[in-house]
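A.B. asks: Take this structure, written in structure tokens, and hold onto it; I'll ask about it next.
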Amino acid sequence: MSSFEKIGEGYSLDLTLDEAQILINLVEQLLELLGEGDFFHHYDSTDPLAQLLAMPAEIVTPEDPVLLRLLPNAYADPEAASDFRRYTEPQLRDAKQKNLRLVREELTILVDEKHGGVIEELDAQIWLAAINDLRIALSVRLEITEDSFEKFELLSEQDPQKPVYAVYFWLGWLQENLLGLLT
């Protein structure tokens with residue numbers, strides 16, 4: 001089974017080809033979701049700072065529940081939430097996309113070589129953030145609750161949700177493994 005290891009001052013991850021392909025697929029789906037749509041509402045042509053920074057006047061709150069969880073409103077008040085989102089969401093999306101792209105790039109090397117293997121000298125913080133975002137996305141789609149592991153165990157092997165739950169729990173194990181090395 002895959003695992004992170006601490007090697008000197010760095011970290012590595014040992015994966016099978018199948019595991020690497022699963023992660024690439026998940027990363028690409030999340031990248032697509034984070035980059036989809038025109039989340040900018042309109043640009044404020046009267047604000048000189050907004051003009052200088054090409055800052056939108058307003059950003060629409062995402063309707064997709066995964067995006068809403070990954071990019072939550074900071075305030076209950078819609079106007080305050082929109083204002084906060086205007087200043088933070090583009091950078092937050094960019095940071096999440098950057099992390100996911102780096103992870104995809106490192107995974108693609110293993111897949112292109114047609115075998116699993118070890119990703120050496122990976123950035124543990126980037127991997128931790130990317131795995132966390134993947135788990136959040138899956139948890140929203142699967143509607144994860146405290147009882148979800150029991151639900152998973154009761155699913156028949158033919159249930160199409162069973163492998164998705166298995167991937168969610170596997171990502172949790174990877175995250176726990178890496179966190180254990182970082183502490």
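All residue names refer to the structure tokens as shown: chains lettered A, B, ... in order, residues numbered from 1 in each chain, ligands numbered from 1 in order.
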If you take only C-alpha atoms and a cut-off of 12 Å, which residues of region 125-151 of chain A touch region 4-15 of chain A, and what are their nearest atom pairs and distances in Å to one decimal, in chain and number order, as CSV?

C.D. replies:
```
residue,atom,partner,partner_atom,distance
A:Gln125,CA,A:Tyr11,CA,10.2
A:Ile126,CA,A:Tyr11,CA,11.6
A:Trp127,CA,A:Leu13,CA,9.9
A:Leu128,CA,A:Phe4,CA,10.9
```

A.B. asks: Write a file of the selected residues as a PDB file, in the first residue's frame, keeping C-alpha atoms.

C.D. replies:
```
ATOM      1  CA  GLN A 125       2.805  21.030   2.537  1.00  0.00           C
ATOM      2  CA  ILE A 126       1.632  21.177  -1.080  1.00  0.00           C
ATOM      3  CA  TRP A 127       0.731  17.494  -1.069  1.00  0.00           C
ATOM      4  CA  LEU A 128      -1.098  17.853   2.234  1.00  0.00           C
TER       5      LEU A 128
END
```

A.B. asks: Using only C-alpha atoms, which residues sit within 9 Å of Leu17 (chain A) once same-chain residues fewer than 4 positions away are excluded, as a list in words?

C.D. replies: Gln21, Ile22, Leu110, Val111, Lys114, His115, Gly116 and Gly117 of chain A

A.B. asks: Compare A:Leu134, A:Leu31, A:Val164, A:Leu68 by their minimum atom-to-atom distance to Ser148 (chain A), counting only C-alpha atoms, and give me the closest one.

C.D. replies: A:Val164

A.B. asks: Pick from A:Ile144, A:Trp173, A:Ala80, A:Leu34: nearest to Leu67 (chain A), with only C-alpha atoms counted?

C.D. replies: A:Leu34

A.B. asks: Considering only alpha helix (DSSP H) as DSSP defines it on the backbone, what residues of region 88-173 of chain A qualify? List them as an NGL selection string.

C.D. replies: :A and (88-112 or 124-142 or 148-154 or 162-173)

A.B. asks: Report the distance between CA of Leu154 (chain A) and CA of Met1 (chain A) in Å, rounded to one decimal place.

C.D. replies: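 Computed distance, CA of Leu154 (chain A) to CA of Met1 (chain A), equals 23.0 Å.
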
A.B. asks: Within 12 Å of Glu89 (chain A), counting only C-alpha atoms, which residues show up once you throw out same-chain ones fewer than 3 positions away? Write them as a ChimeraX atom specification, please.

C.D. replies: /A:34-35,39-40,55-56,58-62,67-68,70-74,81-86,92-97

A.B. asks: Write a file of the just-selected residues containing N, CA and C atoms, as a CSV table (one decimal), in the first residue's frame.

C.D. replies:
```csv
chain,number,residue,atom,x,y,z
A,34,LEU,N,-12.5,23.8,-10.3
A,34,LEU,CA,-12.0,25.1,-9.8
A,34,LEU,C,-11.8,26.1,-10.9
A,35,GLY,N,-11.6,25.6,-12.1
A,35,GLY,CA,-11.4,26.6,-13.2
A,35,GLY,C,-12.6,26.8,-14.1
A,39,PHE,N,-16.6,33.1,-12.7
A,39,PHE,CA,-17.0,33.4,-11.3
A,39,PHE,C,-16.9,34.9,-11.0
A,40,PHE,N,-16.4,35.6,-12.0
A,40,PHE,CA,-16.4,37.1,-11.8
A,40,PHE,C,-17.7,37.6,-12.3
A,55,MET,N,-9.3,44.0,-10.6
A,55,MET,CA,-10.0,43.3,-9.5
A,55,MET,C,-11.5,43.4,-9.9
A,56,PRO,N,-12.2,42.3,-9.7
A,56,PRO,CA,-13.7,42.4,-10.0
A,56,PRO,C,-14.4,43.2,-8.9
A,58,GLU,N,-17.4,42.4,-8.0
A,58,GLU,CA,-18.1,41.3,-7.3
A,58,GLU,C,-17.8,40.0,-7.8
A,59,ILE,N,-17.8,39.0,-7.0
A,59,ILE,CA,-17.6,37.6,-7.4
A,59,ILE,C,-18.8,36.8,-7.0
A,60,VAL,N,-19.4,36.1,-7.8
A,60,VAL,CA,-20.6,35.4,-7.5
A,60,VAL,C,-20.3,34.2,-6.6
A,61,THR,N,-21.0,34.0,-5.6
A,61,THR,CA,-20.8,32.8,-4.7
A,61,THR,C,-21.1,31.6,-5.5
A,62,PRO,N,-20.2,30.6,-5.4
A,62,PRO,CA,-20.4,29.4,-6.2
A,62,PRO,C,-21.7,28.6,-5.8
A,67,LEU,N,-17.5,23.5,-4.5
A,67,LEU,CA,-16.8,24.8,-4.6
A,67,LEU,C,-17.2,25.7,-3.4
A,68,LEU,N,-18.4,25.6,-3.0
A,68,LEU,CA,-18.9,26.4,-1.8
A,68,LEU,C,-18.1,25.9,-0.5
A,70,LEU,N,-15.0,24.5,-0.6
A,70,LEU,CA,-13.6,24.8,-0.8
A,70,LEU,C,-13.4,26.3,-0.8
A,71,LEU,N,-14.4,27.1,-1.2
A,71,LEU,CA,-14.3,28.5,-1.2
A,71,LEU,C,-15.5,29.1,-0.5
A,72,PRO,N,-15.5,28.9,0.8
A,72,PRO,CA,-16.7,29.3,1.6
A,72,PRO,C,-16.8,30.8,1.8
A,73,ASN,N,-18.0,31.2,2.1
A,73,ASN,CA,-18.3,32.6,2.4
A,73,ASN,C,-17.7,32.9,3.8
A,74,ALA,N,-17.1,34.0,3.9
A,74,ALA,CA,-16.5,34.4,5.2
A,74,ALA,C,-17.5,35.0,6.1
A,81,ALA,N,-19.8,39.2,2.5
A,81,ALA,CA,-19.3,38.0,1.9
A,81,ALA,C,-18.8,38.2,0.5
A,82,SER,N,-19.6,39.0,-0.3
A,82,SER,CA,-19.2,39.3,-1.6
A,82,SER,C,-17.9,40.2,-1.7
A,83,ASP,N,-17.8,41.1,-0.8
A,83,ASP,CA,-16.7,42.0,-0.7
A,83,ASP,C,-15.4,41.2,-0.3
A,84,PHE,N,-15.6,40.3,0.7
A,84,PHE,CA,-14.4,39.5,1.1
A,84,PHE,C,-14.0,38.6,0.0
A,85,ARG,N,-15.0,38.0,-0.7
A,85,ARG,CA,-14.7,37.1,-1.8
A,85,ARG,C,-14.0,37.8,-2.9
A,86,ARG,N,-14.3,39.0,-3.2
A,86,ARG,CA,-13.7,39.8,-4.2
A,86,ARG,C,-12.2,39.9,-4.0
A,92,LEU,N,-7.1,32.5,-3.7
A,92,LEU,CA,-7.4,31.1,-3.1
A,92,LEU,C,-7.5,30.1,-4.2
A,93,ARG,N,-8.3,30.4,-5.3
A,93,ARG,CA,-8.4,29.5,-6.4
A,93,ARG,C,-7.1,29.2,-7.0
A,94,ASP,N,-6.3,30.2,-7.2
A,94,ASP,CA,-5.0,30.1,-7.9
A,94,ASP,C,-4.1,29.2,-7.0
A,95,ALA,N,-4.1,29.4,-5.7
A,95,ALA,CA,-3.2,28.6,-4.8
A,95,ALA,C,-3.6,27.1,-4.9
A,96,LYS,N,-4.9,26.9,-4.8
A,96,LYS,CA,-5.4,25.5,-4.9
A,96,LYS,C,-5.1,24.8,-6.2
A,97,GLN,N,-5.2,25.6,-7.3
A,97,GLN,CA,-4.9,25.1,-8.7
A,97,GLN,C,-3.4,24.8,-8.8
```

A.B. asks: Which residues are close to Pro160 (chain A), i.e. within 12 Å by only C-alpha atoms, leaving aside same-chain residues fewer than 6 positions away? Reply as JSON, numbers by chain.

C.D. replies: {"A": [142, 152, 166]}

A.B. asks: Calculate how many Å separate CA of Glu157 (chain A) from CA of Thr108 (chain A), rounding to one decimal.

C.D. replies: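 Taking CA of Glu157 (chain A) and CA of Thr108 (chain A), their separation equals 29.5 Å.
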
A.B. asks: By how many Å are CA of Leu33 (chain A) and CA of Leu174 (chain A) apart?

C.D. replies: 22.7 Å
